[in-house]
$ cat data-v1.cif   # mmCIF, C-alpha atoms, pLDDT in the B column; chains and numbers go by the auth columns
data_query
loop_
_atom_site.group_PDB
_atom_site.id
_atom_site.type_symbol
_atom_site.label_atom_id
_atom_site.label_comp_id
_atom_site.label_asym_id
_atom_site.label_seq_id
_atom_site.Cartn_x
_atom_site.Cartn_y
_atom_site.Cartn_z
_atom_site.B_iso_or_equiv
_atom_site.auth_seq_id
_atom_site.auth_asym_id
ATOM 1 C CA MET A 1 0.000 0.000 0.000 70.00 1243 A
ATOM 2 C CA GLU A 2 1.091 3.530 -0.754 84.00 1244 A
ATOM 3 C CA THR A 3 2.060 5.853 2.111 88.00 1245 A
ATOM 4 C CA LYS A 4 0.537 9.315 1.847 92.00 1246 A
ATOM 5 C CA LYS A 5 0.750 12.495 3.874 93.00 1247 A
ATOM 6 C CA LYS A 6 -2.260 14.400 5.150 95.00 1248 A
ATOM 7 C CA VAL A 7 -2.550 17.686 6.964 96.00 1249 A
ATOM 8 C CA PHE A 8 -5.359 17.911 9.504 96.00 1250 A
ATOM 9 C CA GLN A 9 -6.539 21.095 11.159 96.00 1251 A
ATOM 10 C CA LEU A 10 -8.285 20.673 14.490 96.00 1252 A
ATOM 11 C CA LEU A 11 -10.211 23.228 16.469 96.00 1253 A
ATOM 12 C CA VAL A 12 -10.201 22.151 20.094 96.00 1254 A
ATOM 13 C CA ASP A 13 -11.207 23.535 23.456 95.00 1255 A
ATOM 14 C CA ASN A 14 -8.328 25.510 24.950 95.00 1256 A
ATOM 15 C CA THR A 15 -8.024 23.307 28.023 93.00 1257 A
ATOM 16 C CA SER A 16 -5.121 21.972 30.024 92.00 1258 A
ATOM 17 C CA GLY A 17 -3.705 18.744 28.582 92.00 1259 A
ATOM 18 C CA VAL A 18 -5.563 18.813 25.253 93.00 1260 A
ATOM 19 C CA LEU A 19 -2.364 18.560 23.194 92.00 1261 A
ATOM 20 C CA SER A 20 -1.150 15.708 25.382 93.00 1262 A
ATOM 21 C CA ARG A 21 -4.411 13.800 24.873 92.00 1263 A
ATOM 22 C CA ILE A 22 -4.196 14.196 21.096 94.00 1264 A
ATOM 23 C CA ALA A 23 -0.535 13.134 20.979 93.00 1265 A
ATOM 24 C CA GLY A 24 -1.397 10.230 23.302 93.00 1266 A
ATOM 25 C CA LEU A 25 -4.001 8.964 20.839 93.00 1267 A
ATOM 26 C CA PHE A 26 -1.351 8.857 18.104 93.00 1268 A
ATOM 27 C CA SER A 27 1.113 7.143 20.436 92.00 1269 A
ATOM 28 C CA ARG A 28 -1.338 4.494 21.681 93.00 1270 A
ATOM 29 C CA ARG A 29 -2.427 3.580 18.164 90.00 1271 A
ATOM 30 C CA GLY A 30 1.083 3.675 16.679 91.00 1272 A
ATOM 31 C CA TYR A 31 0.221 6.490 14.271 93.00 1273 A
ATOM 32 C CA ASN A 32 2.996 8.724 12.982 92.00 1274 A
ATOM 33 C CA ILE A 33 3.081 12.479 13.631 94.00 1275 A
ATOM 34 C CA GLU A 34 5.433 14.190 11.188 93.00 1276 A
ATOM 35 C CA SER A 35 4.753 17.608 12.701 93.00 1277 A
ATOM 36 C CA ILE A 36 2.315 19.182 15.115 94.00 1278 A
ATOM 37 C CA THR A 37 1.740 22.849 15.864 94.00 1279 A
ATOM 38 C CA ALA A 38 -0.728 24.442 18.224 94.00 1280 A
ATOM 39 C CA GLY A 39 -1.768 27.956 19.137 93.00 1281 A
ATOM 40 C CA VAL A 40 -4.700 29.855 20.516 93.00 1282 A
ATOM 41 C CA THR A 41 -7.162 31.233 17.945 92.00 1283 A
ATOM 42 C CA ALA A 42 -8.749 34.693 17.737 90.00 1284 A
ATOM 43 C CA ASP A 43 -11.224 33.320 20.287 93.00 1285 A
ATOM 44 C CA PRO A 44 -9.158 32.406 23.387 93.00 1286 A
ATOM 45 C CA ARG A 45 -11.558 29.568 24.252 94.00 1287 A
ATOM 46 C CA PHE A 46 -10.191 27.544 21.321 95.00 1288 A
ATOM 47 C CA THR A 47 -6.837 26.270 20.066 95.00 1289 A
ATOM 48 C CA ARG A 48 -6.002 25.487 16.436 95.00 1290 A
ATOM 49 C CA ILE A 49 -3.812 22.404 16.002 96.00 1291 A
ATOM 50 C CA THR A 50 -2.231 21.461 12.689 96.00 1292 A
ATOM 51 C CA ILE A 51 -1.033 17.861 12.411 96.00 1293 A
ATOM 52 C CA VAL A 52 0.907 16.389 9.513 95.00 1294 A
ATOM 53 C CA THR A 53 0.656 12.605 9.529 95.00 1295 A
ATOM 54 C CA SER A 54 1.303 9.766 7.129 93.00 1296 A
ATOM 55 C CA GLY A 55 0.041 6.293 6.377 92.00 1297 A
ATOM 56 C CA ASP A 56 -1.995 4.375 3.841 92.00 1298 A
ATOM 57 C CA ASP A 57 -5.591 5.360 3.090 91.00 1299 A
ATOM 58 C CA ASP A 58 -7.022 3.075 5.791 93.00 1300 A
ATOM 59 C CA ILE A 59 -4.709 4.416 8.492 92.00 1301 A
ATOM 60 C CA LEU A 60 -5.370 8.043 7.527 94.00 1302 A
ATOM 61 C CA GLU A 61 -9.124 7.396 7.633 93.00 1303 A
ATOM 62 C CA GLN A 62 -8.779 5.792 11.069 93.00 1304 A
ATOM 63 C CA ILE A 63 -6.719 8.719 12.339 94.00 1305 A
ATOM 64 C CA GLU A 64 -9.422 11.170 11.314 94.00 1306 A
ATOM 65 C CA LYS A 65 -12.185 9.060 12.901 94.00 1307 A
ATOM 66 C CA GLN A 66 -10.277 8.579 16.157 93.00 1308 A
ATOM 67 C CA VAL A 67 -9.371 12.280 16.461 94.00 1309 A
ATOM 68 C CA ARG A 68 -13.008 13.272 15.878 94.00 1310 A
ATOM 69 C CA LYS A 69 -14.038 11.113 18.867 93.00 1311 A
ATOM 70 C CA LEU A 70 -11.839 12.984 21.358 93.00 1312 A
ATOM 71 C CA GLN A 71 -13.846 15.017 23.847 90.00 1313 A
ATOM 72 C CA ASP A 72 -12.077 18.379 23.412 94.00 1314 A
ATOM 73 C CA VAL A 73 -12.108 18.254 19.594 95.00 1315 A
ATOM 74 C CA ARG A 74 -14.744 20.577 18.150 95.00 1316 A
ATOM 75 C CA HIS A 75 -13.915 20.375 14.434 95.00 1317 A
ATOM 76 C CA VAL A 76 -11.563 18.397 12.164 96.00 1318 A
ATOM 77 C CA ARG A 77 -10.737 19.325 8.588 94.00 1319 A
ATOM 78 C CA GLU A 78 -8.220 18.022 6.090 95.00 1320 A
ATOM 79 C CA LEU A 79 -6.191 20.882 4.641 94.00 1321 A
ATOM 80 C CA LYS A 80 -5.745 19.802 1.031 93.00 1322 A
ATOM 81 C CA PRO A 81 -2.701 21.217 -0.807 91.00 1323 A
ATOM 82 C CA GLY A 82 -4.485 23.157 -3.563 90.00 1324 A
ATOM 83 C CA GLU A 83 -7.093 24.552 -1.185 92.00 1325 A
ATOM 84 C CA SER A 84 -4.801 25.590 1.657 94.00 1326 A
ATOM 85 C CA VAL A 85 -1.726 27.588 2.542 94.00 1327 A
ATOM 86 C CA TYR A 86 1.007 25.942 4.644 93.00 1328 A
ATOM 87 C CA ARG A 87 3.927 27.686 6.310 95.00 1329 A
ATOM 88 C CA GLU A 88 6.781 26.630 8.547 96.00 1330 A
ATOM 89 C CA LEU A 89 9.404 28.623 10.426 97.00 1331 A
ATOM 90 C CA ALA A 90 13.007 27.487 10.704 98.00 1332 A
ATOM 91 C CA MET A 91 15.943 28.992 12.541 98.00 1333 A
ATOM 92 C CA ILE A 92 19.305 27.781 11.256 98.00 1334 A
ATOM 93 C CA LYS A 93 22.587 28.474 13.043 98.00 1335 A
ATOM 94 C CA VAL A 94 25.578 27.985 10.746 98.00 1336 A
ATOM 95 C CA ARG A 95 29.252 27.995 11.741 98.00 1337 A
ATOM 96 C CA CYS A 96 31.136 30.576 9.717 96.00 1338 A
ATOM 97 C CA ASP A 97 34.037 32.960 9.879 94.00 1339 A
ATOM 98 C CA ALA A 98 34.265 36.400 8.312 93.00 1340 A
ATOM 99 C CA SER A 99 35.368 34.975 4.948 95.00 1341 A
ATOM 100 C CA GLN A 100 32.242 32.763 4.650 96.00 1342 A
ATOM 101 C CA ARG A 101 29.677 35.173 6.080 97.00 1343 A
ATOM 102 C CA GLN A 102 28.762 36.969 2.837 97.00 1344 A
ATOM 103 C CA ASP A 103 28.215 33.683 0.962 96.00 1345 A
ATOM 104 C CA ILE A 104 25.811 32.473 3.656 97.00 1346 A
ATOM 105 C CA ILE A 105 23.999 35.829 3.670 97.00 1347 A
ATOM 106 C CA SER A 106 23.621 35.532 -0.116 97.00 1348 A
ATOM 107 C CA VAL A 107 22.004 32.092 0.241 97.00 1349 A
ATOM 108 C CA ALA A 108 19.641 33.478 2.904 98.00 1350 A
ATOM 109 C CA ASN A 109 18.699 36.402 0.648 97.00 1351 A
ATOM 110 C CA ILE A 110 17.826 34.085 -2.256 96.00 1352 A
ATOM 111 C CA PHE A 111 15.207 32.486 0.018 97.00 1353 A
ATOM 112 C CA ARG A 112 14.109 35.796 1.572 97.00 1354 A
ATOM 113 C CA GLY A 113 15.567 34.668 4.877 97.00 1355 A
ATOM 114 C CA LYS A 114 16.457 37.112 7.630 98.00 1356 A
ATOM 115 C CA ILE A 115 19.741 37.243 9.460 98.00 1357 A
ATOM 116 C CA ILE A 116 18.689 37.375 13.115 98.00 1358 A
ATOM 117 C CA ASP A 117 22.014 36.885 14.885 98.00 1359 A
ATOM 118 C CA VAL A 118 25.674 37.206 14.011 97.00 1360 A
ATOM 119 C CA SER A 119 28.663 36.264 16.137 96.00 1361 A
ATOM 120 C CA PRO A 120 32.355 35.919 15.254 96.00 1362 A
ATOM 121 C CA GLU A 121 31.867 32.144 14.804 97.00 1363 A
ATOM 122 C CA SER A 122 28.300 31.801 13.519 98.00 1364 A
ATOM 123 C CA ILE A 123 25.308 33.310 11.803 98.00 1365 A
ATOM 124 C CA MET A 124 21.621 32.564 12.426 98.00 1366 A
ATOM 125 C CA ILE A 125 19.007 32.642 9.678 98.00 1367 A
ATOM 126 C CA GLU A 126 15.232 32.830 10.108 98.00 1368 A
ATOM 127 C CA ILE A 127 13.211 31.523 7.183 98.00 1369 A
ATOM 128 C CA THR A 128 9.509 30.961 6.649 97.00 1370 A
ATOM 129 C CA GLY A 129 7.752 29.136 3.859 96.00 1371 A
ATOM 130 C CA GLY A 130 6.651 25.725 2.746 92.00 1372 A
ATOM 131 C CA GLN A 131 8.548 22.578 3.704 90.00 1373 A
ATOM 132 C CA ASP A 132 10.097 22.439 0.225 93.00 1374 A
ATOM 133 C CA LYS A 133 11.590 25.917 0.689 96.00 1375 A
ATOM 134 C CA ILE A 134 13.044 25.022 4.089 96.00 1376 A
ATOM 135 C CA ASP A 135 14.451 21.764 2.699 96.00 1377 A
ATOM 136 C CA ALA A 136 15.976 23.623 -0.279 97.00 1378 A
ATOM 137 C CA ILE A 137 17.889 26.154 1.822 98.00 1379 A
ATOM 138 C CA LEU A 138 19.136 23.347 4.053 97.00 1380 A
ATOM 139 C CA ARG A 139 20.486 21.547 0.974 97.00 1381 A
ATOM 140 C CA LEU A 140 22.326 24.715 -0.123 96.00 1382 A
ATOM 141 C CA LEU A 141 23.759 25.171 3.366 97.00 1383 A
ATOM 142 C CA SER A 142 24.866 21.530 3.621 95.00 1384 A
ATOM 143 C CA GLY A 143 28.419 22.512 2.615 94.00 1385 A
ATOM 144 C CA TYR A 144 28.657 24.459 5.877 97.00 1386 A
ATOM 145 C CA GLU A 145 28.435 23.128 9.402 97.00 1387 A
ATOM 146 C CA ILE A 146 24.886 23.560 10.692 98.00 1388 A
ATOM 147 C CA LEU A 147 25.336 23.970 14.436 98.00 1389 A
ATOM 148 C CA GLU A 148 21.655 24.041 15.396 98.00 1390 A
ATOM 149 C CA LEU A 149 18.332 23.796 13.616 98.00 1391 A
ATOM 150 C CA ALA A 150 14.852 24.478 14.977 97.00 1392 A
ATOM 151 C CA ARG A 151 11.753 23.889 12.826 95.00 1393 A
ATOM 152 C CA THR A 152 8.228 24.666 13.965 93.00 1394 A
ATOM 153 C CA GLY A 153 6.318 22.220 11.822 91.00 1395 A
ATOM 154 C CA ILE A 154 3.517 23.241 9.485 93.00 1396 A
ATOM 155 C CA ALA A 155 0.836 25.748 10.353 93.00 1397 A
ATOM 156 C CA GLY A 156 -1.947 25.943 7.795 92.00 1398 A
ATOM 157 C CA LEU A 157 -5.234 27.580 6.895 92.00 1399 A
ATOM 158 C CA GLY A 158 -7.737 26.946 4.140 90.00 1400 A
ATOM 159 C CA ARG A 159 -7.894 29.494 1.329 91.00 1401 A
ATOM 160 C CA GLY A 160 -10.789 31.929 1.062 88.00 1402 A
ATOM 161 C CA THR A 161 -13.842 32.134 3.283 84.00 1403 A
ATOM 162 C CA ASP A 162 -15.813 29.049 2.227 77.00 1404 A
ATOM 163 C CA HIS A 163 -14.779 26.742 5.068 74.00 1405 A
ATOM 164 C CA ILE A 164 -14.432 29.060 8.060 77.00 1406 A
ATOM 165 C CA VAL A 165 -15.745 27.400 11.196 76.00 1407 A
ATOM 166 C CA THR A 166 -17.396 29.484 13.887 75.00 1408 A
ATOM 167 C CA LEU A 167 -17.793 27.749 17.220 74.00 1409 A
ATOM 168 C CA GLU A 168 -20.272 28.890 19.864 72.00 1410 A
#
$ encode --input "data-v1.cif" --output "structure tokens"
Amino acid sequence: METKKKVFQLLVDNTSGVLSRIAGLFSRRGYNIESITAGVTADPRFTRITIVTSGDDDILEQIEKQVRKLQDVRHVRELKPGESVYRELAMIKVRCDASQRQDIISVANIFRGKIIDVSPESIMIEITGGQDKIDAILRLLSGYEILELARTGIAGLGRGTDHIVTLE
């Protein structure tokens, strides 16, 4: 069977332990979480969670059904690629000396990255975009020593106003 990726957006009650309960469901069932992000929405009673997961069609269907059953979950939606916008943030710390600094800055500029810290031995880049963009800059920086890397995972929203969910 073919392994596929799906991005699910959950609207959940903003309660203590909700993220732990969702992650626990994945853990208990042996489902894979490729990335998970969470943050409060415009209404502080609710949290938006974006989960990227993978599996065959049966597993992905089971994941959606099981997540829907959780008590704190108010709404589940698949964020399909053509109908949604995904973004990720990465911070990349690269070892460099003065002779390498301009080359690394040039790579960052190609990807519209921001230089957010410079020291005599390193430079830190902040970059946002799709996973492909983050992966591409990492490939170009692979000739340098990446000292630290932090990636947020995908955050996503559906395009337009057709599928906006209002919870009462």
$ closest_residue --input "data-v1.cif" --among "A:Ala1392, A:Ala1265, A:Ile1291, A:Ile1379" --to "Arg1316 of chain A" --atoms "all atoms listed in the file"
A:Ile1291
$ atom_distance --input "data-v1.cif" --atom1 "atom CA of Lys1311 of chain A" --atom2 "atom CA of Tyr1273 of chain A"
15.7 Å
$ atom_distance --input "data-v1.cif" --atom1 "atom CA of His1317 of chain A" --atom2 "atom CA of Thr1408 of chain A"
9.8 Å
$ closest_residue --input "data-v1.cif" --among "A:Val1360, A:Ala1340, A:Ile1367, A:Leu1399" --to "Val1249 of chain A" --atoms "all atoms listed in the file"
A:Leu1399
$ atom_distance --input "data-v1.cif" --atom1 "atom CA of Asp1300 of chain A" --atom2 "atom CA of Ile1275 of chain A"
15.9 Å
$ resolve_selection --input "data-v1.cif" --expression "the PyMOL selection byres ((chain A and resi 1243-1247) around 10)" --output "PyMOL selection string"
chain A and resi 1248-1250+1276+1294-1302
$ residues_around --input "data-v1.cif" --residues "Gly1259 of chain A" --least-positions-apart "5" --cutoff "12 Å" --atoms "all atoms listed in the file" --output "mmCIF file with C-alpha atoms, in the coordinates of the input"
data_model
loop_
_atom_site.group_PDB
_atom_site.id
_atom_site.type_symbol
_atom_site.label_atom_id
_atom_site.label_comp_id
_atom_site.auth_asym_id
_atom_site.auth_seq_id
_atom_site.Cartn_x
_atom_site.Cartn_y
_atom_site.Cartn_z
ATOM 1 C CA VAL A 1254 -10.201 22.151 20.094
ATOM 2 C CA ILE A 1264 -4.196 14.196 21.096
ATOM 3 C CA ALA A 1265 -0.535 13.134 20.979
ATOM 4 C CA GLY A 1266 -1.397 10.230 23.302
ATOM 5 C CA THR A 1289 -6.837 26.270 20.066
ATOM 6 C CA GLN A 1313 -13.846 15.017 23.847
ATOM 7 C CA ASP A 1314 -12.077 18.379 23.412
#
$ closest_residue --input "data-v1.cif" --among "A:Lys1335, A:Gly1400, A:Glu1390, A:Val1315" --to "Glu1368 of chain A" --atoms "all atoms listed in the file"
A:Lys1335
$ residues_around --input "data-v1.cif" --residues "Ile1347 of chain A" --least-positions-apart "6" --cutoff "10 Å" --atoms "only C-alpha atoms" --output "PyMOL selection string"
chain A and resi 1355-1357+1365-1367
$ residues_around --input "data-v1.cif" --residues "Glu1325 of chain A" --least-positions-apart "2" --cutoff "12 Å" --atoms "all atoms listed in the file" --output "ChimeraX atom specification"
/A:1249,1319-1323,1327-1328,1398-1405
$ decode --input "data-v1.cif" --residues "segment 1333-1344 of chain A" --atoms "all heavy atoms" --output "PDB file, in the first residue's frame"
ATOM      1  N   MET A1333      14.782  28.194  12.146  1.00  0.00           N
ATOM      2  CA  MET A1333      15.943  28.992  12.541  1.00  0.00           C
ATOM      3  C   MET A1333      17.157  28.083  12.366  1.00  0.00           C
ATOM      4  O   MET A1333      17.174  26.956  12.875  1.00  0.00           O
ATOM      5  CB  MET A1333      15.816  29.483  13.983  1.00  0.00           C
ATOM      6  CG  MET A1333      14.639  30.407  14.148  1.00  0.00           C
ATOM      7  SD  MET A1333      14.519  31.260  15.743  1.00  0.00           S
ATOM      8  CE  MET A1333      14.934  30.035  16.932  1.00  0.00           C
ATOM      9  N   ILE A1334      18.139  28.584  11.623  1.00  0.00           N
ATOM     10  CA  ILE A1334      19.305  27.781  11.256  1.00  0.00           C
ATOM     11  C   ILE A1334      20.555  28.514  11.713  1.00  0.00           C
ATOM     12  O   ILE A1334      20.806  29.643  11.273  1.00  0.00           O
ATOM     13  CB  ILE A1334      19.360  27.560   9.727  1.00  0.00           C
ATOM     14  CG1 ILE A1334      18.016  27.049   9.191  1.00  0.00           C
ATOM     15  CG2 ILE A1334      20.512  26.636   9.356  1.00  0.00           C
ATOM     16  CD1 ILE A1334      17.839  27.238   7.693  1.00  0.00           C
ATOM     17  N   LYS A1335      21.318  27.890  12.597  1.00  0.00           N
ATOM     18  CA  LYS A1335      22.587  28.474  13.043  1.00  0.00           C
ATOM     19  C   LYS A1335      23.708  27.755  12.313  1.00  0.00           C
ATOM     20  O   LYS A1335      23.834  26.532  12.392  1.00  0.00           O
ATOM     21  CB  LYS A1335      22.770  28.315  14.548  1.00  0.00           C
ATOM     22  CG  LYS A1335      24.002  29.054  15.077  1.00  0.00           C
ATOM     23  CD  LYS A1335      24.254  28.790  16.550  1.00  0.00           C
ATOM     24  CE  LYS A1335      23.113  29.280  17.411  1.00  0.00           C
ATOM     25  NZ  LYS A1335      23.378  29.023  18.850  1.00  0.00           N
ATOM     26  N   VAL A1336      24.523  28.534  11.596  1.00  0.00           N
ATOM     27  CA  VAL A1336      25.578  27.985  10.746  1.00  0.00           C
ATOM     28  C   VAL A1336      26.929  28.489  11.243  1.00  0.00           C
ATOM     29  O   VAL A1336      27.090  29.693  11.487  1.00  0.00           O
ATOM     30  CB  VAL A1336      25.371  28.422   9.275  1.00  0.00           C
ATOM     31  CG1 VAL A1336      26.440  27.822   8.374  1.00  0.00           C
ATOM     32  CG2 VAL A1336      23.980  28.047   8.786  1.00  0.00           C
ATOM     33  N   ARG A1337      27.893  27.574  11.384  1.00  0.00           N
ATOM     34  CA  ARG A1337      29.252  27.995  11.741  1.00  0.00           C
ATOM     35  C   ARG A1337      29.866  28.710  10.541  1.00  0.00           C
ATOM     36  O   ARG A1337      29.785  28.229   9.415  1.00  0.00           O
ATOM     37  CB  ARG A1337      30.121  26.795  12.124  1.00  0.00           C
ATOM     38  CG  ARG A1337      31.539  27.231  12.555  1.00  0.00           C
ATOM     39  CD  ARG A1337      32.456  26.060  12.870  1.00  0.00           C
ATOM     40  NE  ARG A1337      31.917  25.119  13.829  1.00  0.00           N
ATOM     41  CZ  ARG A1337      31.925  25.275  15.154  1.00  0.00           C
ATOM     42  NH1 ARG A1337      32.433  26.371  15.683  1.00  0.00           N
ATOM     43  NH2 ARG A1337      31.426  24.337  15.944  1.00  0.00           N
ATOM     44  N   CYS A1338      30.456  29.865  10.793  1.00  0.00           N
ATOM     45  CA  CYS A1338      31.136  30.576   9.717  1.00  0.00           C
ATOM     46  C   CYS A1338      32.129  31.568  10.311  1.00  0.00           C
ATOM     47  O   CYS A1338      31.986  32.018  11.442  1.00  0.00           O
ATOM     48  CB  CYS A1338      30.154  31.291   8.799  1.00  0.00           C
ATOM     49  SG  CYS A1338      29.341  32.714   9.533  1.00  0.00           S
ATOM     50  N   ASP A1339      33.117  31.887   9.511  1.00  0.00           N
ATOM     51  CA  ASP A1339      34.037  32.960   9.879  1.00  0.00           C
ATOM     52  C   ASP A1339      33.759  34.134   8.944  1.00  0.00           C
ATOM     53  O   ASP A1339      32.859  34.067   8.092  1.00  0.00           O
ATOM     54  CB  ASP A1339      35.492  32.486   9.817  1.00  0.00           C
ATOM     55  CG  ASP A1339      35.883  31.939   8.445  1.00  0.00           C
ATOM     56  OD1 ASP A1339      35.309  32.386   7.427  1.00  0.00           O
ATOM     57  OD2 ASP A1339      36.762  31.067   8.395  1.00  0.00           O
ATOM     58  N   ALA A1340      34.516  35.181   9.098  1.00  0.00           N
ATOM     59  CA  ALA A1340      34.265  36.400   8.312  1.00  0.00           C
ATOM     60  C   ALA A1340      34.352  36.148   6.806  1.00  0.00           C
ATOM     61  O   ALA A1340      33.614  36.753   6.025  1.00  0.00           O
ATOM     62  CB  ALA A1340      35.248  37.495   8.729  1.00  0.00           C
ATOM     63  N   SER A1341      35.205  35.226   6.387  1.00  0.00           N
ATOM     64  CA  SER A1341      35.368  34.975   4.948  1.00  0.00           C
ATOM     65  C   SER A1341      34.169  34.240   4.342  1.00  0.00           C
ATOM     66  O   SER A1341      33.948  34.319   3.134  1.00  0.00           O
ATOM     67  CB  SER A1341      36.648  34.175   4.693  1.00  0.00           C
ATOM     68  OG  SER A1341      36.528  32.863   5.217  1.00  0.00           O
ATOM     69  N   GLN A1342      33.397  33.517   5.147  1.00  0.00           N
ATOM     70  CA  GLN A1342      32.242  32.763   4.650  1.00  0.00           C
ATOM     71  C   GLN A1342      30.928  33.509   4.820  1.00  0.00           C
ATOM     72  O   GLN A1342      29.922  33.148   4.215  1.00  0.00           O
ATOM     73  CB  GLN A1342      32.134  31.432   5.413  1.00  0.00           C
ATOM     74  CG  GLN A1342      33.313  30.515   5.253  1.00  0.00           C
ATOM     75  CD  GLN A1342      33.249  29.374   6.245  1.00  0.00           C
ATOM     76  OE1 GLN A1342      33.038  29.586   7.431  1.00  0.00           O
ATOM     77  NE2 GLN A1342      33.435  28.159   5.748  1.00  0.00           N
ATOM     78  N   ARG A1343      30.927  34.520   5.662  1.00  0.00           N
ATOM     79  CA  ARG A1343      29.677  35.173   6.080  1.00  0.00           C
ATOM     80  C   ARG A1343      28.868  35.702   4.889  1.00  0.00           C
ATOM     81  O   ARG A1343      27.660  35.481   4.809  1.00  0.00           O
ATOM     82  CB  ARG A1343      29.993  36.299   7.064  1.00  0.00           C
ATOM     83  CG  ARG A1343      28.758  36.844   7.737  1.00  0.00           C
ATOM     84  CD  ARG A1343      29.086  37.655   8.982  1.00  0.00           C
ATOM     85  NE  ARG A1343      29.537  36.750  10.033  1.00  0.00           N
ATOM     86  CZ  ARG A1343      30.737  36.797  10.613  1.00  0.00           C
ATOM     87  NH1 ARG A1343      31.596  37.722  10.275  1.00  0.00           N
ATOM     88  NH2 ARG A1343      31.059  35.924  11.528  1.00  0.00           N
ATOM     89  N   GLN A1344      29.506  36.378   3.953  1.00  0.00           N
ATOM     90  CA  GLN A1344      28.762  36.969   2.837  1.00  0.00           C
ATOM     91  C   GLN A1344      28.123  35.908   1.947  1.00  0.00           C
ATOM     92  O   GLN A1344      27.007  36.091   1.457  1.00  0.00           O
ATOM     93  CB  GLN A1344      29.654  37.898   2.007  1.00  0.00           C
ATOM     94  CG  GLN A1344      28.878  38.778   1.042  1.00  0.00           C
ATOM     95  CD  GLN A1344      27.772  39.573   1.721  1.00  0.00           C
ATOM     96  OE1 GLN A1344      27.989  40.279   2.708  1.00  0.00           O
ATOM     97  NE2 GLN A1344      26.549  39.461   1.207  1.00  0.00           N
TER      98      GLN A1344
END
